[in-house]
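A.B. asks: Got a structure for you, upload.txt, holding compact mmCIF, C-alpha atoms.
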```txt
# COMPACT_ATOMS: atom_id res chain seq x y z
CA MET G 14 77.81 3.17 -32.40
CA ASP G 15 77.25 0.59 -29.68
CA ILE G 16 73.54 0.71 -29.07
CA GLU G 17 73.63 -1.59 -26.04
CA GLN G 18 76.22 0.56 -24.37
CA TYR G 19 74.31 3.73 -25.21
CA ILE G 20 71.14 2.36 -23.64
CA SER G 21 72.83 1.04 -20.53
CA SER G 22 74.60 4.37 -19.91
CA GLY G 23 71.36 5.61 -18.36
CA ILE G 24 71.12 8.73 -20.54
CA LEU G 25 67.67 7.76 -21.87
CA GLU G 26 66.13 7.76 -18.38
CA LEU G 27 67.49 11.25 -17.81
CA TYR G 28 66.15 12.24 -21.24
CA VAL G 29 62.61 11.24 -20.20
CA TYR G 30 63.05 12.92 -16.78
CA GLY G 31 63.99 16.13 -18.55
CA ALA G 32 67.27 16.25 -16.64
CA LEU G 33 69.56 16.79 -19.64
CA SER G 34 70.89 20.02 -21.08
CA GLU G 35 69.45 21.40 -24.30
CA LYS G 36 72.51 20.22 -26.20
CA GLU G 37 72.33 16.68 -24.79
CA ASN G 38 68.65 16.60 -25.52
CA ALA G 39 69.19 17.43 -29.19
CA GLU G 40 71.82 14.69 -29.46
CA VAL G 41 69.55 12.03 -27.94
CA TYR G 42 66.73 13.07 -30.28
CA LYS G 43 69.02 12.65 -33.26
CA VAL G 44 70.14 9.20 -32.08
CA LEU G 45 66.67 7.84 -31.42
CA LYS G 46 65.43 9.02 -34.80
CA GLU G 47 68.17 6.92 -36.35
CA HIS G 48 67.74 3.86 -34.14
CA PRO G 49 64.20 2.55 -33.63
CA GLU G 50 65.36 0.19 -30.86
CA ILE G 51 66.56 3.20 -28.87
CA GLU G 52 63.25 4.98 -29.44
CA GLN G 53 61.50 1.80 -28.26
CA GLU G 54 63.57 1.85 -25.08
CA VAL G 55 62.56 5.47 -24.49
CA LYS G 56 58.90 4.53 -24.87
CA GLU G 57 59.21 1.75 -22.32
CA ILE G 58 60.99 3.94 -19.80
CA GLU G 59 58.25 6.53 -20.27
CA LYS G 60 55.55 3.92 -19.79
CA SER G 61 56.95 2.77 -16.47
CA LEU G 62 57.32 6.35 -15.27
CA MET G 63 53.75 7.16 -16.23
CA GLN G 64 52.52 4.28 -14.14
CA LEU G 65 54.70 5.30 -11.25
CA SER G 66 53.59 8.95 -11.31
CA ALA G 67 49.90 8.14 -11.74
CA SER G 68 50.07 5.86 -8.73
CA ALA G 69 51.46 8.76 -6.69
CA ALA G 70 48.31 10.84 -7.29
CA PRO G 71 45.94 10.81 -4.31
CA TYR G 72 42.96 10.35 -6.65
CA ASN G 73 42.03 10.54 -10.34
CA PRO G 74 41.28 14.23 -10.96
CA GLU G 75 38.96 13.75 -13.98
CA SER G 76 36.30 16.22 -12.81
CA VAL G 77 38.84 19.04 -12.36
CA PHE G 78 38.77 19.38 -16.15
CA ASN G 79 35.48 21.30 -15.96
CA ARG G 80 37.11 24.05 -13.88
CA ILE G 81 40.03 24.23 -16.30
CA LYS G 82 37.54 24.72 -19.13
CA GLU G 83 35.88 27.50 -17.16
CA LYS G 84 39.21 29.19 -16.61
CA LEU G 85 39.94 29.02 -20.34
CA SER G 86 36.34 29.92 -21.28
CA LEU G 87 36.10 26.78 -23.38
CA THR G 88 32.51 26.05 -24.35
CA ASP G 89 32.38 22.64 -26.04
CA LYS G 90 29.66 20.80 -24.10
CA GLU G 91 30.87 17.47 -25.48
CA THR G 92 33.98 17.69 -23.33
CA ASP G 93 32.09 18.28 -20.07
CA VAL G 94 33.19 15.75 -17.52
CA ILE G 95 30.45 14.21 -15.42
CA PRO G 96 32.00 12.77 -12.28
CA ILE G 97 31.06 9.13 -11.77
CA THR G 98 29.91 9.61 -8.19
CA ARG G 99 27.55 12.48 -9.02
CA LYS G 100 26.16 10.59 -11.98
CA SER G 101 25.16 7.65 -9.81
CA THR G 102 23.53 9.97 -7.23
CA ASN G 103 21.49 11.53 -10.02
CA TRP G 104 20.42 8.10 -11.13
CA THR G 105 19.06 7.19 -7.76
CA THR G 106 17.33 10.56 -7.54
CA TYR G 107 15.73 10.11 -10.94
CA ILE G 108 14.63 6.57 -10.12
CA GLY G 109 13.26 7.79 -6.81
CA TRP G 110 11.25 10.54 -8.45
CA ALA G 111 10.03 8.23 -11.21
CA ALA G 112 8.92 5.67 -8.64
CA SER G 113 7.05 8.29 -6.56
CA ILE G 114 5.30 9.68 -9.62
CA ALA G 115 4.38 6.20 -10.83
CA LEU G 116 3.03 5.41 -7.37
CA LEU G 117 0.98 8.62 -7.29
CA ILE G 118 -0.45 7.93 -10.73
CA GLY G 119 -1.24 4.37 -9.66
CA LEU G 120 -2.98 5.56 -6.49
CA PHE G 121 -4.94 8.15 -8.44
CA ILE G 122 -6.12 5.54 -10.95
CA GLN G 123 -7.09 3.16 -8.15
CA PHE G 124 -8.93 5.97 -6.35
CA ASN G 125 -10.90 6.82 -9.49
CA LYS G 126 -11.69 3.17 -10.17
CA ASN G 127 -12.85 2.76 -6.59
CA LYS G 128 -15.08 5.83 -6.91
CA ALA G 129 -16.59 4.56 -10.16
CA LEU G 130 -17.22 1.14 -8.62
CA ARG G 131 -18.96 2.71 -5.60
CA GLN G 132 -21.20 4.71 -7.91
CA GLN G 133 -21.99 1.54 -9.84
CA VAL G 134 -22.89 -0.26 -6.62
CA VAL G 135 -25.24 2.54 -5.52
CA GLN G 136 -26.85 2.60 -8.95
CA SER G 137 -27.28 -1.17 -8.90
CA GLN G 138 -28.89 -0.99 -5.47
CA VAL G 139 -31.36 1.63 -6.71
CA GLU G 140 -32.17 -0.50 -9.76
CA GLN G 141 -32.61 -3.53 -7.53
CA GLN G 142 -35.09 -1.61 -5.32
CA LEU G 143 -37.05 -0.49 -8.36
CA LEU G 144 -37.18 -4.05 -9.69
CA LYS G 145 -38.33 -5.37 -6.29
CA GLY G 146 -41.07 -2.75 -6.30
CA LYS G 147 -42.13 -3.79 -9.79
CA ILE G 148 -42.12 -7.44 -8.77
CA ASN G 149 -44.28 -6.64 -5.71
CA VAL G 150 -46.75 -4.74 -7.86
CA ALA G 151 -46.80 -7.58 -10.39
CA GLU G 152 -47.34 -10.16 -7.63
CA GLU G 153 -50.17 -8.10 -6.17
CA ASP G 154 -51.76 -7.77 -9.58
CA LEU G 155 -51.31 -11.47 -10.18
CA SER G 156 -52.92 -12.51 -6.88
CA LYS G 157 -55.75 -10.10 -7.55
CA VAL G 158 -56.31 -11.51 -11.02
CA LYS G 159 -56.17 -15.04 -9.62
CA THR G 160 -58.78 -14.16 -7.04
CA LEU G 161 -60.95 -12.65 -9.74
CA LEU G 162 -60.54 -15.73 -11.89
CA SER G 163 -61.52 -18.01 -9.06
CA VAL G 164 -64.55 -15.79 -8.48
CA LEU G 165 -65.57 -15.98 -12.15
CA ARG G 166 -65.23 -19.74 -12.17
CA ASP G 167 -67.12 -20.25 -8.96
CA LYS G 168 -70.57 -21.71 -9.74
CA ASP G 169 -72.04 -20.13 -6.61
CA VAL G 170 -71.18 -16.65 -7.78
CA LEU G 171 -73.98 -14.78 -9.48
CA GLN G 172 -73.26 -12.88 -12.68
CA ILE G 173 -75.35 -9.82 -13.22
CA PRO G 174 -74.78 -7.78 -16.38
CA LEU G 175 -75.59 -4.07 -15.93
CA GLN G 176 -77.10 -2.58 -19.08
CA ALA G 177 -76.49 0.86 -20.57
CA GLN G 178 -79.00 3.64 -19.87
CA LYS G 179 -80.11 6.70 -21.79
CA ILE G 180 -77.22 8.92 -20.69
CA ASP G 181 -74.60 6.75 -22.42
CA PRO G 182 -75.77 3.86 -24.63
CA THR G 183 -72.25 2.42 -24.90
CA ALA G 184 -71.75 2.08 -21.15
CA TYR G 185 -71.56 -1.39 -19.72
CA ALA G 186 -70.69 -3.06 -16.37
CA ALA G 187 -71.03 -6.41 -14.64
CA VAL G 188 -71.51 -7.51 -11.05
CA TYR G 189 -70.27 -10.78 -9.61
CA TRP G 190 -71.95 -11.51 -6.36
CA ASP G 191 -70.68 -14.10 -3.91
CA LYS G 192 -73.58 -14.35 -1.55
CA GLU G 193 -71.87 -16.68 0.87
CA LYS G 194 -68.90 -14.42 1.38
CA GLN G 195 -71.11 -11.35 1.13
CA THR G 196 -68.78 -9.86 -1.42
CA THR G 197 -69.69 -8.09 -4.61
CA TYR G 198 -67.21 -7.54 -7.45
CA ILE G 199 -67.98 -4.87 -9.95
CA ASP G 200 -66.32 -4.80 -13.35
CA VAL G 201 -66.51 -1.25 -14.73
CA ALA G 202 -64.12 -1.58 -17.70
CA GLY G 203 -67.01 -0.58 -19.97
CA LEU G 204 -67.68 2.77 -18.25
CA PRO G 205 -66.22 6.05 -19.54
CA THR G 206 -63.65 7.82 -17.39
CA PRO G 207 -65.59 10.13 -15.04
CA PRO G 208 -65.12 13.91 -15.54
CA PRO G 209 -63.08 15.78 -12.89
CA GLY G 210 -64.94 16.33 -9.65
CA LYS G 211 -67.28 13.37 -10.27
CA VAL G 212 -67.18 9.72 -9.13
CA TYR G 213 -69.19 6.62 -9.86
CA GLN G 214 -71.26 5.34 -6.97
CA VAL G 215 -72.54 1.75 -6.76
CA TRP G 216 -75.98 1.05 -5.37
CA SER G 217 -77.71 -2.07 -4.13
CA LEU G 218 -81.44 -1.80 -4.90
CA LYS G 219 -84.64 -3.24 -3.52
CA LEU G 220 -87.31 -2.95 -6.21
CA ASP G 221 -90.63 -2.91 -4.35
CA PRO G 222 -90.56 -0.31 -3.07
CA LEU G 223 -87.42 1.11 -4.73
CA THR G 224 -84.87 1.38 -1.94
CA PRO G 225 -81.24 2.21 -2.82
CA THR G 226 -78.37 1.38 -0.49
CA SER G 227 -74.90 2.75 -1.30
CA LEU G 228 -72.23 0.08 -1.58
CA GLY G 229 -69.46 2.64 -2.12
CA VAL G 230 -67.78 5.05 -4.53
CA LEU G 231 -65.25 4.11 -7.20
CA ASP G 232 -62.88 6.89 -6.21
CA LYS G 233 -59.88 4.92 -7.49
CA PHE G 234 -61.41 4.43 -10.94
CA THR G 235 -58.46 5.77 -12.95
CA GLU G 236 -55.76 4.24 -10.74
CA ASP G 237 -56.87 0.62 -10.87
CA GLY G 238 -55.76 -1.18 -14.03
CA THR G 239 -58.19 -4.08 -13.76
CA LYS G 240 -61.22 -1.81 -13.35
CA ILE G 241 -62.67 -4.43 -11.01
CA PHE G 242 -63.64 -3.34 -7.52
CA SER G 243 -64.92 -5.38 -4.59
CA PHE G 244 -67.43 -4.34 -1.95
CA THR G 245 -68.87 -6.02 1.08
CA ASN G 246 -72.52 -6.51 0.42
CA THR G 247 -74.74 -7.77 3.26
CA ASN G 248 -77.92 -6.67 1.53
CA ASP G 249 -80.46 -8.91 -0.05
CA SER G 250 -79.98 -7.06 -3.34
CA GLU G 251 -82.53 -7.34 -6.14
CA ALA G 252 -80.72 -5.07 -8.54
CA PHE G 253 -77.45 -3.08 -8.92
CA GLY G 254 -77.01 0.37 -10.38
CA ILE G 255 -74.15 2.79 -11.01
CA THR G 256 -74.66 6.57 -11.01
CA LEU G 257 -72.29 9.48 -11.51
CA GLU G 258 -72.18 11.59 -8.34
CA PRO G 259 -70.25 14.57 -7.02
CA GLU G 260 -66.96 13.66 -5.34
CA GLY G 261 -67.47 11.85 -2.05
CA GLY G 262 -70.75 10.33 -3.19
CA SER G 263 -74.37 11.12 -2.34
CA GLU G 264 -77.00 9.98 0.17
CA SER G 265 -79.31 8.84 -2.57
CA PRO G 266 -78.67 8.19 -6.26
CA THR G 267 -79.08 10.96 -8.83
CA LEU G 268 -81.25 9.03 -11.23
CA GLU G 269 -80.57 11.43 -14.15
CA GLN G 270 -76.97 10.28 -13.95
CA LEU G 271 -77.75 6.53 -13.90
CA TYR G 272 -75.20 4.87 -16.22
CA THR G 273 -75.95 1.20 -15.85
CA LEU G 274 -78.59 -0.94 -14.23
CA GLY G 275 -79.08 -4.71 -13.89
CA VAL G 276 -81.61 -6.90 -12.10
CA VAL G 277 -80.69 -10.04 -10.19
CA GLU G 278 -82.45 -13.02 -11.67
CA SER G 279 -83.82 -15.21 -8.93
CA MET V 7 52.78 6.54 -26.00
CA GLN V 8 53.49 9.75 -27.90
CA PRO V 9 50.05 10.81 -29.22
CA LYS V 10 51.28 12.76 -32.25
CA GLU V 11 47.91 13.32 -33.84
CA LEU V 12 46.35 14.51 -30.58
CA ILE V 13 49.27 16.88 -30.00
CA ASN V 14 48.80 18.36 -33.49
CA GLN V 15 45.11 18.88 -32.85
CA LEU V 16 45.83 20.39 -29.44
CA GLN V 17 48.21 22.85 -31.08
CA GLN V 18 45.32 23.82 -33.37
CA LYS V 19 43.18 24.49 -30.27
CA ASN V 20 40.96 21.46 -30.61
CA GLU V 21 38.98 21.07 -27.36
CA ARG V 22 38.36 17.37 -27.77
CA ALA V 23 42.06 16.72 -28.23
CA PHE V 24 42.70 18.80 -25.12
CA GLN V 25 40.26 16.66 -23.18
CA ARG V 26 41.93 13.47 -24.37
CA ILE V 27 45.36 14.82 -23.42
CA TYR V 28 43.95 15.72 -20.02
CA GLU V 29 42.61 12.22 -19.54
CA MET V 30 45.96 10.72 -20.53
CA TYR V 31 48.20 12.87 -18.35
CA SER V 32 46.20 14.51 -15.54
CA GLU V 33 46.72 11.75 -13.00
CA ASN V 34 50.48 11.66 -13.71
CA VAL V 35 50.69 15.43 -13.35
CA LEU V 36 48.73 15.36 -10.10
CA GLY V 37 51.02 12.58 -8.82
CA VAL V 38 54.13 14.64 -9.48
CA ILE V 39 52.60 17.82 -8.01
CA TYR V 40 51.27 16.06 -4.93
CA ASN V 41 54.64 14.43 -4.35
CA ILE V 42 56.09 17.92 -4.03
CA LEU V 43 53.26 19.78 -2.23
CA LYS V 44 51.64 16.94 -0.21
CA ASP V 45 48.43 18.99 0.02
CA GLU V 46 45.40 18.01 -2.03
CA THR V 47 43.75 21.44 -2.34
CA LEU V 48 46.95 23.17 -3.39
CA SER V 49 47.83 20.31 -5.74
CA GLU V 50 44.51 20.61 -7.48
CA GLU V 51 45.03 24.36 -7.95
CA VAL V 52 48.44 23.74 -9.48
CA LEU V 53 47.00 20.96 -11.66
CA GLN V 54 44.56 23.52 -13.10
CA ASP V 55 47.36 26.03 -13.72
CA VAL V 56 49.44 23.34 -15.45
CA PHE V 57 46.71 22.44 -17.93
CA VAL V 58 45.82 26.08 -18.55
CA LYS V 59 49.48 26.43 -19.54
CA VAL V 60 49.37 23.25 -21.65
CA TRP V 61 46.44 24.75 -23.62
CA ASN V 62 47.97 28.20 -23.97
CA LYS V 63 51.56 27.12 -24.70
CA ALA V 64 50.90 23.96 -26.72
CA ASP V 65 52.29 25.56 -29.88
CA THR V 66 55.70 26.02 -28.20
CA TYR V 67 56.10 22.25 -27.87
CA SER V 68 58.25 20.54 -30.46
CA GLU V 69 59.20 16.89 -30.64
CA LYS V 70 62.80 17.96 -31.15
CA LYS V 71 62.94 19.36 -27.65
CA GLY V 72 61.93 16.05 -26.07
CA ARG V 73 59.00 13.83 -25.17
CA PHE V 74 55.57 15.41 -24.74
CA PHE V 75 55.36 13.68 -21.36
CA THR V 76 58.65 15.33 -20.40
CA TRP V 77 57.36 18.70 -21.53
CA ILE V 78 54.26 18.41 -19.32
CA LEU V 79 56.36 16.99 -16.49
CA ASN V 80 58.59 20.09 -16.57
CA ILE V 81 55.60 22.44 -16.47
CA ALA V 82 54.14 20.50 -13.55
CA ARG V 83 57.33 20.43 -11.49
CA ASN V 84 58.04 24.10 -12.09
CA ALA V 85 54.48 25.10 -11.17
CA ALA V 86 54.59 22.97 -8.01
CA ILE V 87 57.96 24.35 -6.95
CA ASP V 88 56.66 27.89 -7.56
CA LYS V 89 53.78 27.05 -5.25
CA THR V 90 56.18 26.01 -2.45
CA ARG V 91 57.25 29.64 -2.26
CA SER V 92 53.66 30.87 -1.69
CA THR V 93 52.16 31.79 1.68
CA ALA V 94 49.37 29.34 1.05
CA PHE V 95 51.89 26.50 0.90
CA LYS V 96 53.71 27.66 4.04
CA ASN V 97 50.38 27.74 5.90
CA SER V 98 49.10 24.49 4.43
CA LYS V 99 48.78 21.34 6.45
CA GLN V 100 51.06 19.12 4.45
CA ASN V 101 50.77 15.45 4.77
CA GLN V 102 53.72 15.02 7.14
CA ASN V 103 53.65 11.26 6.81
CA ALA V 104 54.51 11.43 3.12
CA ASP V 105 58.19 12.12 2.67
CA PHE V 106 58.16 10.99 -0.93
CA PHE V 107 56.22 8.96 -3.45
CA VAL V 108 56.61 5.67 -1.62
CA ASP V 109 54.70 7.05 1.35
CA ILE V 110 51.95 8.40 -0.90
CA LEU V 111 51.58 4.94 -2.34
CA GLU V 112 51.21 3.62 1.19
CA GLU V 113 48.22 5.84 1.81
CA LYS V 114 46.56 5.77 -1.54
CA SER V 115 43.43 3.78 -2.15
CA ASN V 116 42.90 2.25 -5.57
CA PHE V 117 39.53 3.89 -6.04
CA SER V 118 38.96 5.57 -9.44
CA SER V 119 42.64 5.44 -10.38
CA LYS V 120 43.61 4.27 -13.81
CA VAL V 121 46.64 2.46 -12.43
CA ASP V 122 46.87 -0.38 -9.99
CA ALA V 123 48.49 1.62 -7.18
CA ILE V 124 48.27 -1.21 -4.69
CA GLY V 125 49.95 -3.53 -7.17
CA ILE V 126 52.70 -1.00 -7.85
CA LYS V 127 53.21 -0.38 -4.15
CA LYS V 128 53.97 -4.03 -3.62
CA TYR V 129 56.89 -3.82 -6.09
CA ILE V 130 58.14 -0.42 -4.99
CA GLU V 131 58.54 -1.77 -1.48
CA ILE V 132 61.16 -4.23 -2.62
CA LEU V 133 63.27 -1.46 -4.23
CA GLU V 134 66.43 -0.59 -2.34
CA PRO V 135 66.11 2.62 -0.26
CA ILE V 136 68.73 4.31 -2.43
CA CYS V 137 66.64 3.60 -5.53
CA LYS V 138 63.55 5.13 -3.97
CA LYS V 139 65.55 8.27 -3.15
CA VAL V 140 67.20 8.55 -6.56
CA ILE V 141 63.90 8.21 -8.43
CA ASP V 142 62.21 10.64 -6.06
CA LEU V 143 64.80 13.34 -6.58
CA LEU V 144 65.52 12.98 -10.29
CA PHE V 145 62.07 12.09 -11.60
CA PHE V 146 59.55 13.52 -9.15
CA LYS V 147 61.46 16.57 -7.91
CA GLY V 148 63.40 17.33 -11.12
CA PHE V 149 66.81 17.52 -9.49
CA THR V 150 69.88 17.73 -11.73
CA GLN V 151 72.52 14.99 -11.43
CA LYS V 152 74.74 17.42 -9.54
CA GLU V 153 72.00 18.37 -7.07
CA ALA V 154 71.12 14.72 -6.53
CA SER V 155 74.76 13.70 -5.96
CA GLU V 156 75.08 16.43 -3.32
CA GLU V 157 71.79 15.54 -1.65
CA LEU V 158 72.58 11.84 -1.50
CA ASP V 159 76.29 12.25 -1.03
CA ILE V 160 77.28 9.88 -3.83
CA PRO V 161 79.68 10.64 -6.72
CA ILE V 162 78.09 12.48 -9.66
CA GLY V 163 79.56 9.97 -12.14
CA THR V 164 77.55 7.11 -10.61
CA ILE V 165 74.14 8.87 -10.49
CA LYS V 166 73.22 8.12 -14.08
CA THR V 167 74.03 4.41 -13.97
CA ARG V 168 72.61 3.99 -10.47
CA ASN V 169 69.36 5.48 -11.70
CA ARG V 170 69.39 3.18 -14.71
CA ILE V 171 69.66 0.13 -12.46
CA CYS V 172 66.82 1.37 -10.27
CA ILE V 173 64.50 2.06 -13.24
CA ASN V 174 65.30 -1.38 -14.64
CA LYS V 175 64.18 -2.93 -11.36
CA LEU V 176 61.01 -0.86 -11.51
CA ARG V 177 60.36 -1.99 -15.08
CA GLU V 178 60.91 -5.59 -14.12
CA ALA V 179 58.38 -5.20 -11.34
CA LEU V 180 55.86 -3.49 -13.63
CA ALA V 181 56.69 -5.84 -16.50
CA VAL V 182 57.35 -2.92 -18.88
```
Can you turn what I pasted into structure tokens?
C.D. replies:
Amino acid sequence: MDIEQYISSGILELYVYGALSEKENAEVYKVLKEHPEIEQEVKEIEKSLMQLSASAAPYNPESVFNRIKEKLSLTDKETDVIPITRKSTNWTTYIGWAASIALLIGLFIQFNKNKALRQQVVQSQVEQQLLKGKINVAEEDLSKVKTLLSVLRDKDVLQIPLQAQKIDPTAYAAVYWDKEKQTTYIDVAGLPTPPPGKVYQVWSLKLDPLTPTSLGVLDKFTEDGTKIFSFTNTNDSEAFGITLEPEGGSESPTLEQLYTLGVVES
Amino acid sequence: MQPKELINQLQQKNERAFQRIYEMYSENVLGVIYNILKDETLSEEVLQDVFVKVWNKADTYSEKKGRFFTWILNIARNAAIDKTRSTAFKNSKQNQNADFFVDILEEKSNFSSKVDAIGIKKYIEILEPICKKVIDLLFFKGFTQKEASEELDIPIGTIKTRNRICINKLREALAV
């Protein structure tokens, strides 16, 4: 059999077209099983025709497969076709959603941080105010103590110790009298805390005859940490005394409640 | 080109094999159908019918009867020609510009196709007009030699060799 002639007769093209009769078909099949070069020719004809027919399709119908599966009630999920165009749309959608959510989370975190920072600022301001207050108090105390120190060191200031009396033998007080400035400082750290409703009252005394003049009441006894009080004293005092009096003080001293007494040495 | 193993699996109702077969042949089948119907919606319907038939009738295919490609080609042409008798086809707006495959190639974009249609078009254009007609009738439309000789008014004895020459030119152009 002349293979060249058989091939060039054109029967193989018609075989691939499906244009031969059943009998011719069977003959060609027999021949190409015997001659591999003829089978090869058939394959090449088929290849060219597949390219030609595919190029005549208006588009690649890959996604139509899903509808065919539906028609046949085929259920294998692995063979689902996801069209390329839809896939890419989904991607952008997913990315869009992810970005929005990330942004929201970011904003929320920033908002919370901001809130926390504001609270911190307010708290710091409050603490700062408290500290300022403390510093003011400390400065006041310091200046007061300095004043007192300068008073104690001043040689022109008279020191008069006030001795305990019968009512409380442990009581003690001291007077520092700056005659020039007409100021009297009274240190009452040695006096007991007065009972409720009572105050200490300080008296300037003339001895002959005994004439008391009230210098004032120590109504801030418990509040003042230094327990040193100052009074203006224009009197020519000969002695100082401290009595316990009803709140507001009295016109004249209650001598039964005399706690301390001291005479000015001239 | 003849996927024997896949065909065996398809005949045993293997879905994956069916999918692979679809991927291999669906664009060819659509090309043949569209060349006859020239309407995309109708062509897609017929494409579905063809592959439903491929699944259901796979066991009737035998290598002895011919190439698997030829078997599918026959189903496709028959289904498309059946469709030309339907009312839907008579009412359809066929693409009047596309007389046969060459014109489809003119209009086709390359997008998502597995073949280089634009490249093929370039070579098809240089084929003689008689070649284009012979291939259109015998391959795409499934005409017999006798029908083609009558349609083209050339002797029946020359159809076979004429076609051979034309396919050779096509293969040269495609480098197959």
A.B. asks: Which residue out of G:Lys84, G:Leu223, G:Gln195, G:Ser68 has the minimum interatomic distance to Lys128 in chain V when only C-alpha atoms are used?
C.D. replies: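 Smallest separation from Lys128 in chain V among the options: G:Ser68.
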A.B. asks: What residues in chain V lie within 8 Å of chain G, counting all atoms listed in the file, written as an mmCIF file with C-alpha atoms, in the frame of the given file?
C.D. replies:
```cif
data_model
loop_
_atom_site.group_PDB
_atom_site.id
_atom_site.type_symbol
_atom_site.label_atom_id
_atom_site.label_comp_id
_atom_site.auth_asym_id
_atom_site.auth_seq_id
_atom_site.Cartn_x
_atom_site.Cartn_y
_atom_site.Cartn_z
ATOM 1 C CA MET V 7 52.780 6.540 -26.000
ATOM 2 C CA GLU V 21 38.980 21.070 -27.360
ATOM 3 C CA ARG V 22 38.360 17.370 -27.770
ATOM 4 C CA GLN V 25 40.260 16.660 -23.180
ATOM 5 C CA TYR V 28 43.950 15.720 -20.020
ATOM 6 C CA GLU V 29 42.610 12.220 -19.540
ATOM 7 C CA SER V 32 46.200 14.510 -15.540
ATOM 8 C CA GLU V 33 46.720 11.750 -13.000
ATOM 9 C CA ASN V 34 50.480 11.660 -13.710
ATOM 10 C CA VAL V 35 50.690 15.430 -13.350
ATOM 11 C CA LEU V 36 48.730 15.360 -10.100
ATOM 12 C CA GLY V 37 51.020 12.580 -8.820
ATOM 13 C CA VAL V 38 54.130 14.640 -9.480
ATOM 14 C CA TYR V 40 51.270 16.060 -4.930
ATOM 15 C CA ASN V 41 54.640 14.430 -4.350
ATOM 16 C CA GLU V 46 45.400 18.010 -2.030
ATOM 17 C CA GLU V 50 44.510 20.610 -7.480
ATOM 18 C CA GLN V 54 44.560 23.520 -13.100
ATOM 19 C CA ASP V 55 47.360 26.030 -13.720
ATOM 20 C CA PHE V 57 46.710 22.440 -17.930
ATOM 21 C CA VAL V 58 45.820 26.080 -18.550
ATOM 22 C CA LYS V 70 62.800 17.960 -31.150
ATOM 23 C CA LYS V 71 62.940 19.360 -27.650
ATOM 24 C CA GLY V 72 61.930 16.050 -26.070
ATOM 25 C CA ARG V 73 59.000 13.830 -25.170
ATOM 26 C CA PHE V 75 55.360 13.680 -21.360
ATOM 27 C CA THR V 76 58.650 15.330 -20.400
ATOM 28 C CA TRP V 77 57.360 18.700 -21.530
ATOM 29 C CA LEU V 79 56.360 16.990 -16.490
ATOM 30 C CA ASN V 80 58.590 20.090 -16.570
ATOM 31 C CA PHE V 107 56.220 8.960 -3.450
ATOM 32 C CA VAL V 108 56.610 5.670 -1.620
ATOM 33 C CA ILE V 110 51.950 8.400 -0.900
ATOM 34 C CA LEU V 111 51.580 4.940 -2.340
ATOM 35 C CA LYS V 114 46.560 5.770 -1.540
ATOM 36 C CA SER V 115 43.430 3.780 -2.150
ATOM 37 C CA PHE V 117 39.530 3.890 -6.040
ATOM 38 C CA SER V 118 38.960 5.570 -9.440
ATOM 39 C CA SER V 119 42.640 5.440 -10.380
ATOM 40 C CA LYS V 120 43.610 4.270 -13.810
ATOM 41 C CA VAL V 121 46.640 2.460 -12.430
ATOM 42 C CA ASP V 122 46.870 -0.380 -9.990
ATOM 43 C CA ALA V 123 48.490 1.620 -7.180
ATOM 44 C CA ILE V 126 52.700 -1.000 -7.850
ATOM 45 C CA LEU V 144 65.520 12.980 -10.290
ATOM 46 C CA PHE V 145 62.070 12.090 -11.600
ATOM 47 C CA PHE V 146 59.550 13.520 -9.150
ATOM 48 C CA GLY V 148 63.400 17.330 -11.120
ATOM 49 C CA PHE V 149 66.810 17.520 -9.490
ATOM 50 C CA THR V 150 69.880 17.730 -11.730
ATOM 51 C CA GLN V 151 72.520 14.990 -11.430
ATOM 52 C CA LYS V 166 73.220 8.120 -14.080
ATOM 53 C CA THR V 167 74.030 4.410 -13.970
ATOM 54 C CA ASN V 169 69.360 5.480 -11.700
ATOM 55 C CA ARG V 170 69.390 3.180 -14.710
ATOM 56 C CA ILE V 173 64.500 2.060 -13.240
ATOM 57 C CA LEU V 176 61.010 -0.860 -11.510
ATOM 58 C CA ARG V 177 60.360 -1.990 -15.080
ATOM 59 C CA LEU V 180 55.860 -3.490 -13.630
ATOM 60 C CA VAL V 182 57.350 -2.920 -18.880
#
```
A.B. asks: Counting all atoms listed in the file, which residues come within 7 Å of (-76.1, -0.2, -0.7), with the point read in the file's coordinates, and could you list them as a CSV table (one decimal) with C-alpha atoms, keeping the file's coordinate frame?
C.D. replies:
```
chain,number,residue,atom,x,y,z
G,216,TRP,CA,-76.0,1.0,-5.4
G,217,SER,CA,-77.7,-2.1,-4.1
G,218,LEU,CA,-81.4,-1.8,-4.9
G,225,PRO,CA,-81.2,2.2,-2.8
G,226,THR,CA,-78.4,1.4,-0.5
G,227,SER,CA,-74.9,2.8,-1.3
G,228,LEU,CA,-72.2,0.1,-1.6
```
A.B. asks: Rounded to one decimal, what separation in Å do you get between CA of Asp181 in chain G and CA of Ser243 in chain G?
C.D. replies: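 A separation of 23.6 Å between them.
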A.B. asks: State, in Å with one decimal place, the distance from CA of Phe95 in chain V to CA of Lys138 in chain V.
C.D. replies: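 Separation between CA of Phe95 in chain V and CA of Lys138 in chain V: 24.8 Å.
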A.B. asks: Considering only C-alpha atoms, state which residue in the set G:Ile51, G:Leu162, G:Ala112, G:Leu220 is at the smallest distance from Tyr189 in chain G.
C.D. replies: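 When distances to Tyr189 in chain G are compared using only C-alpha atoms, the smallest one comes from G:Leu162.
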A.B. asks: Determine the nearest neighbour of Leu274 in chain G from the options G:Leu257, G:Tyr198, G:Tyr213, G:Pro174, counting all atoms listed in the file.
C.D. replies: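 Nearest to Leu274 in chain G: G:Pro174.
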A.B. asks: Considering only C-alpha atoms, state which residue in the set V:Ile130, V:Ile141, V:Ala154, V:Ile39 is at the smallest distance from Ala86 in chain V.
C.D. replies: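 Using only C-alpha atoms, Ala86 in chain V sits closest to V:Ile39.
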